[in-house]
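Undergrad: Okay, here's the structure, questions in a sec.
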Amino acid sequence: MKFGIEIFIFEIIGIIAFTISGVIVAFKKRLDLFGVVTLGTITAVGGGALRDMLLGILPPSMFKNGIYVLVAFLTALASFCIGIFTIKRIKRKQLKYYNLITFFDAVGLGVFTVVGTNTAIINGFGDNAFLSIFTGVITGVGGGVIRDIIANTMPFIMYKDLYASSAIIGACLYYTLYQMHSNNFLCISVSIIATILVRLIAQKYNLGLPKFGVYRDKDK
């Protein structure tokens with residue numbers, strides 16, 4: 001499977017971002033070096049593996065092209081080394097910790113949502129809007145879901161600040177722009193930025209979908 005240079009560059013950016021988000025969660029859970037590297041790497045490549053299995057691309061790209069796992073591994077290892085010297089600072093500044101993980105998670109979400117949608121299109125499913133968009137969303141949120149399950153945390157997708165909604169918006173936007181034959185780099189950049197902005201704005205202003213919890217006090 002061949003990607004354009006633009007997609008490959010954005011993929012690497014997404015892998016680094018998602019790896020760091022996984023490493024930050026691993027630090028909070030007080031995992032050892034193996035746990036940190038494992039959680040960071042799985043966060044980075046997990047969504048892509050789910051995407052490939054959904055599209056029947058076997059074995060998944062992470063096994064065909066070792067650069068993805070290698071970049072994730074090296075990023076996790078470097079993050080671990082840096083974290084050793086900054087862990088006390090992170091503990092003292094919990095809000096900054098949360099904002100940091102949100103930022104890197106938003107970048108990874110934006111990149112992999114677009115990459116996933118593009119993968120479905122270039123593999124012959126461009127006429128199927130639902131499959132293309134669904135694949136993009138799965139690619140974007142899959143790694144984070146796996147990360148949270150392994151870390152014994154409720155997945156962000158279930159309750160956090162328009163998490164899945166951001167991916168849906170990004171995937172729909174990319175699919176629409178692609179079908180309009182817009183410039184490829186423009187399609188990618190606009191869709192990624194839109195996804196990231198929706199995610200970050202939702203987090204900043206505590207925006208989200210209605211929750212059952214808001215009615216709890218009324219029921220008592």
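Letters A, B, ... go to the chains of the structure tokens in the order shown; residues in each chain start at 1; ligands are counted from 1 in the same order.
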Give me the residues within 8 Å of segment 70-83 of chain A as a PyMOL selection string, counting only C-alpha atoms and dropping any in the same chain fewer than 6 places off.
TA: chain A and resi 12+15-16+19-20+23+27+33+36-37+40-41+44-45
Undergrad: Mind running segment 18-106 of chain A against segment 130-135 of chain A at 12 Å and telling me each contacting residue's nearest atom pair with the distance in Å (one decimal), counting only C-alpha atoms, chain and number ascending, as a tab-separated table?
TA:
residue	atom	partner	partner_atom	distance
A:Gly47	CA	A:Thr135	CA	9.6
A:Gly48	CA	A:Thr135	CA	9.5
A:Ala49	CA	A:Thr135	CA	11.2
A:Leu50	CA	A:Thr135	CA	8.8
A:Arg51	CA	A:Thr135	CA	6.0
A:Asp52	CA	A:Thr135	CA	9.0
A:Met53	CA	A:Thr135	CA	10.3
A:Leu54	CA	A:Thr135	CA	7.6
A:Leu55	CA	A:Thr135	CA	8.2
A:Gly56	CA	A:Thr135	CA	11.8
Undergrad: Which residue gives the smallest distance to Ile192 of chain A among A:Thr119, A:Gln179, A:Thr86, A:Ser166, with only C-alpha atoms counted?
TA: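 Of A:Thr119, A:Gln179, A:Thr86, A:Ser166, the one nearest Ile192 of chain A is A:Ser166, counting only C-alpha atoms.
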Undergrad: At a cut-off of 8 Å, using only C-alpha atoms, what residues contact Val115 of chain A? Leave out same-chain residues fewer than 3 positions from it and give the result as an MDAnalysis selection string.
TA: chainID A and resid 7 11 111:112 118:119 136 139
Undergrad: Generate a file of the selected residues that holds N, CA and C atoms, formatted as a PDB file, in the first residue's frame.
TA:
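File produced: part.pdb:
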ATOM      1  N   ILE A   7       0.896  12.232   3.221  1.00  0.00           N
ATOM      2  CA  ILE A   7       0.267  11.316   4.171  1.00  0.00           C
ATOM      3  C   ILE A   7       1.321  10.688   5.079  1.00  0.00           C
ATOM      4  N   GLU A  11       1.507  10.939   9.027  1.00  0.00           N
ATOM      5  CA  GLU A  11       1.459   9.705   9.803  1.00  0.00           C
ATOM      6  C   GLU A  11       2.523   9.695  10.892  1.00  0.00           C
ATOM      7  N   VAL A 111      -4.732  13.610  12.932  1.00  0.00           N
ATOM      8  CA  VAL A 111      -3.903  12.994  11.888  1.00  0.00           C
ATOM      9  C   VAL A 111      -4.447  11.635  11.484  1.00  0.00           C
ATOM     10  N   PHE A 112      -4.707  10.774  12.457  1.00  0.00           N
ATOM     11  CA  PHE A 112      -5.086   9.404  12.109  1.00  0.00           C
ATOM     12  C   PHE A 112      -6.518   9.296  11.610  1.00  0.00           C
ATOM     13  N   ASN A 118      -8.463   8.415   4.283  1.00  0.00           N
ATOM     14  CA  ASN A 118      -7.717   8.352   3.031  1.00  0.00           C
ATOM     15  C   ASN A 118      -7.369   6.912   2.656  1.00  0.00           C
ATOM     16  N   THR A 119      -7.036   6.093   3.645  1.00  0.00           N
ATOM     17  CA  THR A 119      -6.694   4.695   3.393  1.00  0.00           C
ATOM     18  C   THR A 119      -7.867   3.941   2.788  1.00  0.00           C
ATOM     19  N   GLY A 136     -12.100   6.117   9.120  1.00  0.00           N
ATOM     20  CA  GLY A 136     -11.332   7.242   9.632  1.00  0.00           C
ATOM     21  C   GLY A 136     -11.519   7.424  11.130  1.00  0.00           C
ATOM     22  N   THR A 139      -9.780   4.637  13.073  1.00  0.00           N
ATOM     23  CA  THR A 139      -8.326   4.861  13.079  1.00  0.00           C
ATOM     24  C   THR A 139      -7.950   5.935  14.082  1.00  0.00           C
TER      25      THR A 139
END
Undergrad: Do you have the atom CA of Gly116 of chain A-atom CA of Ile138 of chain A distance handy?
TA: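 Atom-to-atom, atom CA of Gly116 of chain A to atom CA of Ile138 of chain A, that is 7.7 Å.
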Undergrad: For a quick check of understanding, using only C-alpha atoms, which of A:Asn123, A:Asn128, A:Asn65, A:Thr195 has the smallest distance to Asp105 of chain A?
TA: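 Once distances to Asp105 of chain A are computed over only C-alpha atoms, the minimum belongs to A:Thr195.
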Undergrad: Quote the spacing between atom CA of Asn152 of chain A and atom CA of Gly35 of chain A in Å to one decimal place.
TA: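 Taking atom CA of Asn152 of chain A as the start and atom CA of Gly35 of chain A as the end point, the length is 13.2 Å.
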Undergrad: Which is closer to Cys187 of chain A than all the others in A:Leu162, A:Gly143, A:Met154, A:Val114, using only C-alpha atoms?
TA: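 Closest to Cys187 of chain A of all the choices is A:Val114.
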Undergrad: With distances taken over only C-alpha atoms, which residue among A:Thr38, A:Asn183, A:Ile146, A:Tyr163 lies nearest Glu6 of chain A?
TA: A:Asn183
Undergrad: Which residue gives the smallest distance to Ala194 of chain A among A:Leu109, A:Ala120, A:Val145, A:Leu58, with only C-alpha atoms counted?
TA: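 That would be A:Leu109, the residue with the smallest distance to Ala194 of chain A.
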